[in-house]
>>> print(open('entry.txt').read())   # compact mmCIF, C-alpha atoms
# COMPACT_ATOMS: atom_id res chain seq x y z
CA MET A 26 113.07 91.62 97.70
CA ASP A 27 110.35 89.61 95.93
CA ASP A 28 111.24 86.50 97.98
CA ASN A 29 110.10 88.32 101.13
CA PHE A 30 106.51 88.59 99.90
CA TYR A 31 103.75 86.15 99.02
CA SER A 32 101.89 86.16 95.73
CA LEU A 33 98.36 87.51 95.63
CA ARG A 34 97.23 84.05 94.56
CA ASP A 35 98.74 82.53 97.74
CA VAL A 36 97.16 85.13 100.01
CA LEU A 37 93.71 84.71 98.49
CA SER A 38 93.95 80.92 98.57
CA VAL A 39 94.42 81.03 102.35
CA ALA A 40 91.80 83.77 102.83
CA LYS A 41 89.19 81.48 101.24
CA ILE A 42 89.57 79.01 104.13
CA HIS A 43 90.13 81.52 106.95
CA PRO A 44 87.35 82.43 109.43
CA PHE A 45 87.92 86.14 108.77
CA TYR A 46 86.45 85.61 105.30
CA CYS A 47 84.63 82.27 105.57
CA GLN A 48 82.22 82.02 108.48
CA GLU A 49 81.89 78.26 108.06
CA ARG A 50 85.51 77.82 109.15
CA GLU A 51 85.96 77.42 112.90
CA TYR A 52 89.74 77.93 113.04
CA PRO A 53 92.45 79.35 110.76
CA PRO A 54 94.19 76.72 108.62
CA ASP A 55 97.29 75.03 110.00
CA ALA A 56 100.59 74.77 108.09
CA HIS A 57 99.50 71.62 106.25
CA ALA A 58 96.17 73.11 105.16
CA ILE A 59 97.95 76.28 103.98
CA GLN A 60 100.36 74.20 101.91
CA ILE A 61 97.48 72.32 100.26
CA ALA A 62 95.56 75.53 99.56
CA ARG A 63 98.60 77.13 97.90
CA GLN A 64 99.24 74.05 95.78
CA GLU A 65 95.60 73.86 94.65
CA ALA A 66 95.74 77.54 93.72
CA VAL A 67 98.77 76.89 91.50
CA GLU A 68 96.91 74.09 89.72
CA GLU A 69 93.88 76.29 89.02
CA SER A 70 93.97 78.13 85.71
CA ALA A 71 91.85 81.09 86.83
CA GLU A 72 93.58 84.29 87.90
CA ALA A 73 93.24 85.46 91.50
CA ASP A 74 90.52 88.09 91.67
CA LEU A 75 90.49 90.54 94.57
CA LYS A 76 87.02 91.76 93.67
CA LEU A 77 85.55 88.43 94.72
CA PHE A 78 86.25 89.40 98.33
CA PRO A 79 84.03 91.97 100.07
CA LEU A 80 85.52 94.97 101.85
CA LEU A 81 86.75 94.01 105.31
CA TRP A 82 85.89 96.53 108.05
CA LYS A 83 87.46 96.54 111.49
CA LYS A 84 84.05 96.14 113.15
CA HIS A 85 83.51 92.94 111.15
CA LEU A 86 86.69 91.48 112.63
CA TYR A 87 85.68 92.03 116.25
CA THR A 88 83.39 89.00 116.55
CA ALA A 89 85.78 86.58 114.85
CA VAL A 90 88.85 87.85 116.70
CA GLU A 91 87.17 87.81 120.10
CA ARG A 92 86.03 84.23 119.59
CA LEU A 93 89.45 83.06 118.42
CA VAL A 94 91.36 84.81 121.20
CA ASN A 95 89.15 83.28 123.88
CA ASP A 96 89.13 79.74 122.46
CA THR A 97 91.95 77.78 124.15
CA SER A 98 91.42 74.60 122.11
CA PRO A 99 94.69 73.04 120.85
CA LYS A 100 93.10 73.11 117.37
CA ASN A 101 92.88 76.90 117.45
CA THR A 102 95.95 77.92 115.46
CA TYR A 103 95.11 81.62 115.87
CA ARG A 104 96.73 81.45 119.33
CA HIS A 105 99.84 79.56 118.17
CA GLY A 106 103.18 81.35 117.79
CA VAL A 107 101.81 84.84 117.28
CA TYR A 108 103.04 88.39 117.60
CA ALA A 109 100.30 89.99 119.66
CA SER A 110 99.44 93.61 119.06
CA ILE A 111 96.44 95.77 119.93
CA THR A 112 95.18 98.19 117.32
CA GLY A 113 94.57 101.78 118.38
CA GLY A 114 96.91 101.50 121.35
CA GLY A 115 94.72 99.17 123.38
CA PHE A 116 93.04 101.92 125.39
CA GLY A 117 89.58 101.81 123.78
CA SER A 118 86.56 99.95 125.07
CA LYS A 119 86.78 97.43 122.19
CA PRO A 120 90.46 96.83 121.36
CA LEU A 121 91.17 94.64 118.35
CA PHE A 122 93.77 91.98 119.05
CA PHE A 123 95.34 91.21 115.69
CA ALA A 124 97.59 88.15 115.75
CA THR A 125 100.47 87.89 113.27
CA ASP A 126 102.72 84.89 112.72
CA VAL A 127 105.99 85.55 114.55
CA GLY A 128 108.09 84.54 111.57
CA GLU A 129 106.11 86.69 109.14
CA ASN A 130 106.37 89.60 111.56
CA ARG A 131 110.16 89.38 111.82
CA ARG A 132 110.60 89.08 108.06
CA GLN A 133 108.33 92.06 107.46
CA ARG A 134 110.28 94.22 109.93
CA ALA A 135 113.56 93.23 108.32
CA THR A 136 112.26 93.94 104.82
CA TYR A 137 110.80 97.28 105.87
CA GLY A 138 114.09 98.26 107.51
CA GLN A 139 115.89 97.58 104.24
CA PHE A 140 113.20 99.60 102.45
CA LEU A 141 113.82 102.61 104.74
CA ARG A 142 117.51 102.46 103.89
CA THR A 143 116.80 102.08 100.17
CA ILE A 144 114.64 105.21 99.99
CA GLY A 145 117.02 107.23 102.20
CA VAL A 146 114.94 107.62 105.36
CA VAL A 147 117.80 106.03 107.32
CA ALA A 148 121.45 106.56 106.39
CA PRO A 149 124.65 104.87 107.59
CA GLY A 150 125.86 106.42 110.83
CA ASP A 151 122.43 107.63 112.01
CA TRP A 152 121.92 107.72 115.78
CA VAL A 153 118.23 107.76 116.65
CA LEU A 154 116.37 108.49 119.87
CA THR A 155 112.81 107.15 120.00
CA VAL A 156 110.09 108.42 122.33
CA HIS A 157 107.42 105.99 121.11
CA SER A 158 104.87 104.39 123.43
CA ALA A 159 104.99 100.93 124.97
CA GLY A 160 102.99 98.92 127.47
CA GLU A 161 99.32 97.98 127.83
CA LEU A 162 99.78 95.66 124.83
CA TYR A 163 100.89 98.55 122.62
CA ARG A 164 104.00 97.68 120.58
CA SER A 165 105.12 100.82 118.73
CA LEU A 166 108.35 101.16 120.75
CA ASP A 167 109.70 97.69 120.04
CA LEU A 168 108.44 97.93 116.43
CA VAL A 169 110.40 101.12 115.78
CA LEU A 170 113.51 99.88 117.58
CA GLU A 171 113.74 96.71 115.50
CA ILE A 172 112.88 98.39 112.20
CA LEU A 173 115.49 101.13 112.58
CA GLU A 174 118.14 98.63 113.68
CA ASN A 175 117.34 96.56 110.58
CA ALA A 176 117.79 99.76 108.57
CA GLY A 177 121.31 100.12 109.99
CA ALA A 178 120.74 102.84 112.60
CA SER A 179 121.91 102.91 116.21
CA VAL A 180 118.81 103.45 118.35
CA LEU A 181 118.31 104.72 121.91
CA SER A 182 115.06 103.65 123.57
CA ALA A 183 113.79 106.60 125.60
CA GLY A 184 110.09 105.76 125.48
CA ASN A 185 107.15 108.10 125.87
CA ARG A 186 107.30 108.39 129.68
CA MET A 187 110.80 109.79 129.87
CA PRO A 188 110.59 113.49 130.83
CA ALA A 189 111.48 115.85 127.99
CA ALA A 190 114.42 117.27 129.93
CA GLU A 191 116.01 113.82 130.27
CA ALA A 192 115.37 113.00 126.62
CA CYS A 193 117.10 116.24 125.59
CA THR A 194 120.06 115.32 127.79
CA LEU A 195 120.38 112.06 125.86
CA LEU A 196 120.21 113.89 122.53
CA ALA A 197 123.24 115.95 123.52
CA LYS A 198 125.18 113.29 125.43
CA TYR A 199 125.16 110.66 122.66
CA HIS A 200 125.34 113.09 119.69
CA VAL A 201 121.97 111.88 118.40
CA ASN A 202 121.08 113.24 114.95
CA VAL A 203 117.60 111.73 114.51
CA LEU A 204 114.49 112.08 116.69
CA THR A 205 111.55 109.74 116.20
CA GLY A 206 108.14 109.50 117.86
CA ASP A 207 104.52 110.00 117.02
CA SER A 208 103.68 113.47 115.77
CA SER A 209 102.43 114.82 119.11
CA GLN A 210 105.45 113.45 120.99
CA VAL A 211 107.81 115.05 118.48
CA ILE A 212 106.09 118.41 118.85
CA GLN A 213 106.19 118.12 122.63
CA LEU A 214 109.95 117.49 122.66
CA VAL A 215 110.64 120.22 120.09
CA HIS A 216 108.70 122.65 122.26
CA HIS A 217 110.88 121.75 125.24
CA ILE A 218 114.00 122.33 123.14
CA SER A 219 112.67 125.80 122.36
CA THR A 220 112.70 126.61 126.09
CA LEU A 221 116.39 125.70 126.56
CA SER A 222 119.14 128.27 126.81
CA PRO A 223 121.16 129.00 123.64
CA GLU A 224 124.10 127.05 125.10
CA GLU A 225 121.92 123.97 125.76
CA ARG A 226 120.27 124.15 122.35
CA ASP A 227 123.65 124.34 120.63
CA GLN A 228 124.55 120.93 122.10
CA ILE A 229 121.61 119.28 120.30
CA LYS A 230 122.54 118.48 116.69
CA LEU A 231 119.40 117.02 115.14
CA ASP A 232 119.28 116.91 111.35
CA LYS A 233 116.28 114.60 110.85
CA ILE A 234 112.84 113.94 112.29
CA ILE A 235 111.05 110.62 111.63
CA TYR A 236 107.49 110.86 112.90
CA THR A 237 104.62 108.39 112.97
CA SER A 238 100.87 108.52 113.60
CA GLU A 239 98.91 111.60 112.52
CA VAL A 240 100.20 113.75 109.63
CA LEU A 241 102.10 116.85 110.77
CA THR A 242 100.23 120.02 109.85
CA PRO A 243 101.98 122.79 107.88
CA ALA A 244 102.01 124.94 111.04
CA GLN A 245 103.70 122.15 113.00
CA ARG A 246 106.34 121.65 110.31
CA ALA A 247 107.03 125.38 110.29
CA TYR A 248 107.35 125.36 114.09
CA ILE A 249 109.81 122.43 114.01
CA ARG A 250 112.00 124.26 111.50
CA GLN A 251 111.71 127.50 113.46
CA VAL A 252 113.17 125.73 116.51
CA LEU A 253 115.57 123.26 114.86
CA GLY A 254 116.49 124.99 111.61
CA PRO A 255 116.40 123.39 108.12
CA ILE A 256 115.80 119.85 109.37
CA LYS A 257 114.68 116.94 107.18
CA ILE A 258 111.23 115.59 108.12
CA CYS A 259 110.41 111.96 107.23
CA SER A 260 107.69 109.58 108.34
CA MET A 261 106.96 105.88 108.83
CA PHE A 262 103.52 104.34 108.51
CA ALA A 263 102.25 101.12 110.10
CA SER A 264 99.27 99.54 111.83
CA ALA A 265 98.60 96.51 114.01
CA GLU A 266 96.72 94.85 111.15
CA SER A 267 99.11 95.48 108.26
CA GLY A 268 102.42 96.08 110.02
CA PRO A 269 104.89 98.64 108.59
CA TRP A 270 104.53 99.15 104.84
CA THR A 271 105.15 102.70 103.63
CA ALA A 272 107.33 105.72 104.46
CA SER A 273 107.95 109.30 103.38
CA ASN A 274 111.17 111.01 102.33
CA PRO A 275 110.83 114.50 100.81
CA ASP A 276 114.16 114.04 99.01
CA MET A 277 112.42 111.38 96.91
CA THR A 278 108.91 112.74 96.55
CA GLY A 279 109.27 116.49 97.02
CA ASN A 280 106.69 118.30 99.11
CA ALA A 281 103.07 117.23 98.82
CA THR A 282 100.98 119.63 96.78
CA LEU A 283 97.93 119.21 99.03
CA ALA A 284 98.19 121.13 102.31
CA GLY A 285 98.10 118.86 105.34
CA SER A 286 98.96 115.74 103.32
CA THR A 287 102.11 113.62 103.14
CA ASP A 288 103.49 111.66 100.18
CA PHE A 289 104.46 108.12 101.22
CA ILE A 290 106.45 105.67 99.13
CA PHE A 291 105.34 102.03 99.09
CA ASP A 292 106.47 98.85 97.39
CA THR A 293 103.80 97.32 95.17
CA ARG A 294 105.36 93.91 95.79
CA ALA A 295 104.16 94.19 99.40
CA THR A 296 100.71 95.71 98.97
CA PRO A 297 98.49 95.82 95.86
CA LEU A 298 96.59 99.10 95.64
CA PRO A 299 94.68 99.97 92.45
CA ASP A 300 94.91 103.45 90.96
CA GLY A 301 92.09 105.83 91.71
CA GLU A 302 91.04 109.25 92.88
CA GLN A 303 91.19 110.35 96.49
CA GLY A 304 89.19 108.03 98.72
CA MET A 305 89.42 105.43 101.46
CA VAL A 306 92.61 103.37 101.54
CA VAL A 307 91.74 99.68 101.17
CA GLN A 308 94.67 97.35 101.69
CA THR A 309 95.65 93.79 100.85
CA SER A 310 98.94 92.73 102.42
CA LEU A 311 101.34 90.39 100.61
CA ALA A 312 103.46 90.10 103.77
CA ARG A 313 100.72 88.32 105.76
CA LEU A 314 99.70 84.74 104.89
CA ARG A 315 98.70 82.84 108.04
CA ASN A 316 96.07 85.43 109.00
CA PRO A 317 95.55 87.27 105.69
CA LEU A 318 94.59 90.91 105.33
CA VAL A 319 92.43 91.21 102.21
CA ARG A 320 90.64 94.41 101.09
CA TYR A 321 90.89 95.87 104.58
CA VAL A 322 89.44 99.36 105.11
CA THR A 323 92.26 101.09 106.98
CA GLY A 324 90.29 104.20 107.97
CA ASP A 325 92.75 106.45 106.10
CA VAL A 326 92.06 108.74 103.16
CA GLY A 327 94.50 109.20 100.28
CA SER A 328 95.29 108.86 96.57
CA LEU A 329 97.93 107.09 94.44
CA HIS A 330 100.56 108.66 92.21
CA PRO A 331 103.74 107.71 90.31
CA LEU A 332 107.12 108.43 91.86
CA PRO A 333 108.60 111.75 90.59
CA ASP A 334 111.19 111.43 87.80
CA HIS A 335 113.94 113.02 89.92
CA ALA A 336 113.75 110.03 92.32
CA ARG A 337 114.89 107.65 89.57
CA ALA A 338 118.55 108.56 90.06
CA ARG A 339 118.30 107.61 93.75
CA LEU A 340 117.01 104.07 93.14
CA SER A 341 118.06 100.94 91.34
CA GLU A 342 116.01 100.17 88.23
CA SER A 343 114.64 97.01 89.89
CA ASP A 344 113.24 99.06 92.80
CA TRP A 345 112.11 102.02 90.68
CA ARG A 346 109.57 100.01 88.71
CA HIS A 347 107.92 98.74 91.91
CA PHE A 348 107.77 101.91 94.01
CA ARG A 349 104.77 104.27 93.99
CA VAL A 350 103.41 107.16 96.05
CA LEU A 351 100.46 107.15 98.43
CA ARG A 352 99.38 110.74 99.12
CA LEU A 353 97.92 110.36 102.60
CA VAL A 354 95.53 113.06 103.78
CA GLY A 355 94.86 111.54 107.21
CA ARG A 356 92.30 109.49 109.08
CA ASP A 357 88.71 109.26 107.89
CA ARG A 358 87.07 111.37 110.59
CA ARG A 359 83.89 109.35 110.39
CA PHE A 360 85.68 106.53 112.22
CA SER A 361 88.36 107.91 114.53
CA PHE A 362 90.60 110.78 115.48
CA ASP A 363 94.11 110.99 116.86
CA TRP A 364 95.21 112.50 120.14
CA ASP A 365 98.63 112.15 121.74
CA GLY A 366 99.58 109.41 119.31
CA GLU A 367 96.55 107.20 120.00
CA TYR A 368 93.72 106.59 117.57
CA ILE A 369 90.46 107.16 119.41
CA ASP A 370 87.55 105.28 117.87
CA PHE A 371 84.71 107.79 117.92
CA GLU A 372 81.99 105.15 118.09
CA ASP A 373 83.63 103.58 121.14
CA LEU A 374 83.99 106.98 122.80
CA ALA A 375 80.34 107.77 122.10
CA ALA A 376 79.29 104.40 123.49
CA LEU A 377 81.24 105.02 126.70
CA ILE A 378 79.69 108.46 127.25
CA ASN A 379 76.18 107.50 126.15
CA ALA A 380 76.18 104.61 128.62
CA GLU A 381 76.09 107.22 131.41
CA SER A 382 72.39 107.82 132.10
CA ALA A 383 73.18 111.08 133.94
CA ILE A 384 74.81 112.66 130.86
CA LEU A 385 72.38 114.78 128.87
CA GLN A 386 74.74 116.17 126.23
CA TRP A 387 78.45 116.09 125.38
CA GLN A 388 81.03 117.44 122.95
CA VAL A 389 84.67 116.69 122.04
CA ILE A 390 87.06 119.41 120.84
CA LEU A 391 90.49 118.58 119.40
CA GLY A 392 92.62 121.72 119.50
CA THR A 393 96.10 123.20 119.46
CA MET A 394 98.05 124.67 122.35
CA GLU A 395 100.05 127.84 121.91
CA PRO A 396 102.87 128.44 121.40
CA SER A 397 103.94 124.80 121.35
CA ARG A 398 101.48 123.62 118.67
CA GLU A 399 100.88 120.47 120.73
CA SER A 400 97.48 118.82 120.44
CA SER A 401 94.92 119.42 123.18
CA LEU A 402 91.71 117.56 123.93
CA GLU A 403 88.64 118.96 125.64
CA VAL A 404 85.49 117.07 126.57
CA ARG A 405 82.43 119.10 127.57
CA VAL A 406 79.65 117.35 129.46
CA LEU A 407 76.20 118.37 130.71
CA ARG A 408 75.01 116.16 133.57
CA ALA A 409 71.56 115.85 135.04
CA ALA A 410 70.82 117.88 138.16
CA GLY A 411 71.24 116.01 141.42
CA ASP A 412 73.84 113.57 140.07
CA ASP A 413 75.98 112.35 142.99
CA ASP A 414 79.72 112.92 143.32
CA SER A 415 80.65 109.22 143.36
CA SER A 416 78.96 108.63 139.99
CA ARG A 417 80.72 111.68 138.57
CA GLU A 418 84.12 110.51 139.84
CA ALA A 419 83.61 107.04 138.39
CA PHE A 420 82.81 108.56 134.99
CA VAL A 421 85.92 110.76 135.11
CA ASN A 422 88.07 107.69 135.82
CA ARG A 423 86.53 105.70 132.96
CA LEU A 424 86.89 108.56 130.50
CA THR A 425 90.50 109.44 131.35
CA THR A 426 91.47 105.76 131.19
CA PHE A 427 89.83 105.40 127.78
CA LEU A 428 91.61 108.50 126.46
CA HIS A 429 94.89 107.47 128.10
CA VAL A 430 95.34 110.66 130.10
CA TYR A 431 98.40 110.46 132.34
CA GLU A 432 100.96 112.71 134.00
CA MET A 433 102.86 113.63 130.84
CA ASN A 434 99.81 114.77 128.84
CA SER A 435 97.31 115.78 131.53
CA HIS A 436 98.12 119.48 131.03
CA ARG A 437 96.74 119.14 127.48
CA PHE A 438 93.46 117.52 128.54
CA ARG A 439 90.41 119.27 129.94
CA LEU A 440 87.09 117.84 131.12
CA GLU A 441 84.50 120.58 131.66
CA PHE A 442 81.12 120.02 133.25
CA VAL A 443 78.99 122.78 131.72
CA GLN A 444 75.93 124.27 133.44
CA ASP A 445 73.59 124.46 130.45
CA MET A 446 73.40 124.13 126.66
CA ASP A 447 75.11 127.48 126.21
CA GLY A 448 78.31 125.75 127.29
CA PHE A 449 78.50 123.90 123.97
CA GLU A 450 79.53 125.09 120.52
CA ARG A 451 76.70 124.68 118.01
CA SER A 452 76.17 124.71 114.27
CA THR A 453 75.33 128.10 112.78
CA THR A 454 72.25 126.84 110.94
CA GLY A 455 70.36 124.30 113.02
CA ARG A 456 71.98 125.37 116.30
CA LYS A 457 72.75 121.71 116.96
CA VAL A 458 75.53 120.67 119.32
CA ILE A 459 78.51 119.58 117.19
CA LYS A 460 79.68 116.31 118.70
CA PHE A 461 83.27 116.53 117.36
CA ILE A 462 85.16 119.74 116.53
CA ASP A 463 88.61 119.41 114.94
CA ARG A 464 90.70 122.56 115.21
CA TYR A 465 93.96 120.66 115.14
CA ASN A 466 94.02 119.36 111.57
>>> encode(input="entry.txt", output="C-alpha cells")
Amino acid sequence: MDDNFYSLRDVLSVAKIHPFYCQEREYPPDAHAIQIARQEAVEESAEADLKLFPLLWKKHLYTAVERLVNDTSPKNTYRHGVYASITGGGFGSKPLFFATDVGENRRQRATYGQFLRTIGVVAPGDWVLTVHSAGELYRSLDLVLEILENAGASVLSAGNRMPAAEACTLLAKYHVNVLTGDSSQVIQLVHHISTLSPEERDQIKLDKIIYTSEVLTPAQRAYIRQVLGPIKICSMFASAESGPWTASNPDMTGNATLAGSTDFIFDTRATPLPDGEQGMVVQTSLARLRNPLVRYVTGDVGSLHPLPDHARARLSESDWRHFRVLRLVGRDRRFSFDWDGEYIDFEDLAALINAESAILQWQVILGTMEPSRESSLEVRVLRAAGDDDSSREAFVNRLTTFLHVYEMNSHRFRLEFVQDMDGFERSTTGRKVIKFIDRYN
C-alpha cells in the first residue's frame, strides 16, 4: 500500500513552490518542475519539517483558487487534467473549487476502496444502494459508487432525488443488504421503512448502514435499530480537499466512549496526524502531490487513539502497525453546520442575510423532527416595516437556493417572518438573540 502514497518530503517539496503556500508563484508547478523539486529534496540532508508551514484555512484558499480557476492561460496547470469538485456541496455563496489531479484522484479512490475491504466495512457479496447527492458540481454520488466498487461491492445508484418509496422497492427487488447515504438521507429512508406494512418491511433485508456527512447521534442510532433490528452501522469520511481517507467499523474499534462521537480508522501512510488531546483536526495528505494539502484546518473536532487490541486479529501485521483511530466529535460549530447532508458555512449564511438592508434581526435553529429523527431547519427573520413583497420574495429565493431547499426536504424547512423581538429565542442572561441554536446534535 505504501506505493500508493507520496512521502512527506515529496509533498512538502512541491508545496514550497505552489501558490497555495508561496504567494510569489503565479502557477502550480508542471510535471518537470515537480520532478526537479522532488529530486532536490532527496539531495538535501535536512528532514522535512511540517511546522515550517503555517496552518492553511479554507478562507485563505479562496483568493488563490478563484484566481487560478479564472486564469485560462496555457501556463496555468491548475486547470489541466483535474477532477473538479466543490467543497460544501456547491450551494454556498463562496464555493471552493478544489482541483485534484485525475490520476491521483483515481489512485486514491482505488486505495481507499481496498482500505474499506481491509477493515471490514465492505465484505464480498455486499449489494449496496446509495442515495447520495449529485449535480451542481457536487460529486458525492460518483465518489461513493467508485469507492464501493473498488472495495468489491455491487452498487445501485439511486441518488438523493429518488422518492423513498421507489428506493425501498429497489432494496427489496435486488436483495440489497447495505444502505448508504449521508446521515440525514439514511434517517429519512429508515423513517419511510417504518411506515411500511409488516409484509413490505419483511422484504427488506438490510444488515448494514454506511453513512457519511454528520455523525449520527445516539438517538438516531437507536431509532435505526428500532426500525431495522441489530444492524451494523459504519461510516466513510471524505472531503473535496482531502478526498476519502478514513472510515469507521465498530467491529474493529468498538463503540466510542464519548456520546455523539464516532471512532474512525485511518492509515498513517496516507495522512500524518500528530498525537494530541481533543482539538481541531489539521490534515496533511500524502495522496495529493500536484496541488498539495499541507496543515489544512478541516473544520472538524476530534482526538487520536491507538487501535484496540482486539482488532489485531482482524488485520495483517503490516496494516496493524500503520492504522490508528480518529475519534471524531463533529464539525467545529464556529465555522459551519450540517443540514440535509450539506455543510452550511455560517459566515456565508450570515453574509447573505446581512446583505438585506430590510432585515433587522435573524436566527437559525437546527432541530429534530418527531418521530422520524430527521433534521429540520428553521430561519426566523424580522423585517423592517413597509418592506415590499417583491423584495421579500427575492430574499426567500436567495435563501432557499443557498440552503438547497427542494421538493424532497422542503417539509423539514421553515422560514418564519416574526412580528417583533419576542419571536426570537434569547440567552437567559443578557437576553441577546442567539444567532444559531443547535438542538439536533
>>> residues_around(input="entry.txt", residues="Leu318 of chain A", least_positions_apart="2", cutoff="12 Å", atoms="all atoms listed in the file", output="mmCIF file with C-alpha atoms, keeping the file's coordinate frame")
data_model
loop_
_atom_site.group_PDB
_atom_site.id
_atom_site.type_symbol
_atom_site.label_atom_id
_atom_site.label_comp_id
_atom_site.auth_asym_id
_atom_site.auth_seq_id
_atom_site.Cartn_x
_atom_site.Cartn_y
_atom_site.Cartn_z
ATOM 1 C CA LEU A 33 98.360 87.510 95.630
ATOM 2 C CA VAL A 36 97.160 85.130 100.010
ATOM 3 C CA LEU A 37 93.710 84.710 98.490
ATOM 4 C CA VAL A 39 94.420 81.030 102.350
ATOM 5 C CA ALA A 40 91.800 83.770 102.830
ATOM 6 C CA LYS A 41 89.190 81.480 101.240
ATOM 7 C CA HIS A 43 90.130 81.520 106.950
ATOM 8 C CA PRO A 44 87.350 82.430 109.430
ATOM 9 C CA PHE A 45 87.920 86.140 108.770
ATOM 10 C CA TYR A 46 86.450 85.610 105.300
ATOM 11 C CA LEU A 75 90.490 90.540 94.570
ATOM 12 C CA PHE A 78 86.250 89.400 98.330
ATOM 13 C CA PRO A 79 84.030 91.970 100.070
ATOM 14 C CA LEU A 80 85.520 94.970 101.850
ATOM 15 C CA LEU A 81 86.750 94.010 105.310
ATOM 16 C CA TRP A 82 85.890 96.530 108.050
ATOM 17 C CA LYS A 83 87.460 96.540 111.490
ATOM 18 C CA LEU A 86 86.690 91.480 112.630
ATOM 19 C CA PHE A 123 95.340 91.210 115.690
ATOM 20 C CA ALA A 124 97.590 88.150 115.750
ATOM 21 C CA THR A 125 100.470 87.890 113.270
ATOM 22 C CA SER A 264 99.270 99.540 111.830
ATOM 23 C CA ALA A 265 98.600 96.510 114.010
ATOM 24 C CA GLU A 266 96.720 94.850 111.150
ATOM 25 C CA SER A 267 99.110 95.480 108.260
ATOM 26 C CA GLY A 268 102.420 96.080 110.020
ATOM 27 C CA ALA A 295 104.160 94.190 99.400
ATOM 28 C CA THR A 296 100.710 95.710 98.970
ATOM 29 C CA PRO A 297 98.490 95.820 95.860
ATOM 30 C CA VAL A 307 91.740 99.680 101.170
ATOM 31 C CA GLN A 308 94.670 97.350 101.690
ATOM 32 C CA THR A 309 95.650 93.790 100.850
ATOM 33 C CA SER A 310 98.940 92.730 102.420
ATOM 34 C CA LEU A 311 101.340 90.390 100.610
ATOM 35 C CA ALA A 312 103.460 90.100 103.770
ATOM 36 C CA ARG A 313 100.720 88.320 105.760
ATOM 37 C CA LEU A 314 99.700 84.740 104.890
ATOM 38 C CA ARG A 315 98.700 82.840 108.040
ATOM 39 C CA ASN A 316 96.070 85.430 109.000
ATOM 40 C CA ARG A 320 90.640 94.410 101.090
ATOM 41 C CA TYR A 321 90.890 95.870 104.580
ATOM 42 C CA VAL A 322 89.440 99.360 105.110
ATOM 43 C CA THR A 323 92.260 101.090 106.980
#
>>> closest_atom_pairs(input="entry.txt", of="segment 180-221 of chain A", to="segment 385-397 of chain A", cutoff="12 Å", atoms="all atoms listed in the file", output="CSV")
residue,atom,partner,partner_atom,distance
A:Ser209,CA,A:Ser397,CA,10.3
A:Gln210,CA,A:Ser397,CA,11.5
A:Val211,CA,A:Ser397,CA,10.9
A:Ile212,CA,A:Ser397,CA,7.2
A:Gln213,CA,A:Ser397,CA,7.2
A:Leu214,CA,A:Ser397,CA,9.6
A:Val215,CA,A:Ser397,CA,8.2
A:His216,CA,A:Ser397,CA,5.3
A:His217,CA,A:Ser397,CA,8.5
A:Ile218,CA,A:Ser397,CA,10.5
A:Ser219,CA,A:Ser397,CA,8.8
A:Thr220,CA,A:Ser397,CA,10.1
>>> closest_residue(input="entry.txt", among="A:Val180, A:Ala383, A:Ile42, A:Ala247", to="Ala62 of chain A", atoms="only C-alpha atoms")
A:Ile42
>>> residues_around(input="entry.txt", residues="Pro333 of chain A", least_positions_apart="6", cutoff="12 Å", atoms="all atoms listed in the file", output="count of residues only")
17
>>> closest_residue(input="entry.txt", among="A:Tyr108, A:Asn29, A:Met446, A:Glu399", to="Ala244 of chain A", atoms="only C-alpha atoms")
A:Glu399
>>> residues_around(input="entry.txt", residues="segment 232-234 of chain A", least_positions_apart="5", cutoff="6 Å", atoms="only C-alpha atoms", output="PDB file with C-alpha atoms, in the coordinates of the input")
ATOM      1  CA  ASN A 202     121.080 113.240 114.950  1.00  0.00           C
ATOM      2  CA  VAL A 203     117.600 111.730 114.510  1.00  0.00           C
ATOM      3  CA  LEU A 204     114.490 112.080 116.690  1.00  0.00           C
ATOM      4  CA  THR A 205     111.550 109.740 116.200  1.00  0.00           C
ATOM      5  CA  ILE A 256     115.800 119.850 109.370  1.00  0.00           C
ATOM      6  CA  LYS A 257     114.680 116.940 107.180  1.00  0.00           C
ATOM      7  CA  ILE A 258     111.230 115.590 108.120  1.00  0.00           C
ATOM      8  CA  CYS A 259     110.410 111.960 107.230  1.00  0.00           C
TER       9      CYS A 259
END
>>> closest_residue(input="entry.txt", among="A:Arg250, A:Ala189, A:Leu353, A:Pro255", to="Leu221 of chain A", atoms="only C-alpha atoms")
A:Ala189
>>> atom_distance(input="entry.txt", atom1="atom CA of Asp28 of chain A", atom2="atom CA of Leu351 of chain A")
23.3 Å
>>> residues_around(input="entry.txt", residues="Lys230 of chain A", least_positions_apart="6", cutoff="9 Å", atoms="all atoms listed in the file", output="list of chain:residue names")
A:Leu196, A:Ala197, A:His200, A:Val201, A:Asn202, A:Val203, A:Leu253
>>> closest_residue(input="entry.txt", among="A:Pro223, A:Gly160, A:Gly327, A:Pro317", to="Ile111 of chain A", atoms="only C-alpha atoms")
A:Gly160
>>> closest_residue(input="entry.txt", among="A:Leu241, A:Val147, A:Leu428, A:Val404", to="Ile462 of chain A", atoms="all atoms listed in the file")
A:Val404
>>> residues_around(input="entry.txt", residues="Ala159 of chain A", least_positions_apart="3", cutoff="9 Å", atoms="all atoms listed in the file", output="PyMOL selection string")
chain A and resi 114+162-167+184-185
>>> closest_residue(input="entry.txt", among="A:Thr287, A:Thr88, A:Ser158, A:Asn175", to="Met187 of chain A", atoms="only C-alpha atoms")
A:Ser158
>>> atom_distance(input="entry.txt", atom1="atom CA of Val90 of chain A", atom2="atom CA of Phe122 of chain A")
6.8 Å
>>> atom_distance(input="entry.txt", atom1="atom CA of Tyr31 of chain A", atom2="atom CA of Ala58 of chain A")
16.3 Å
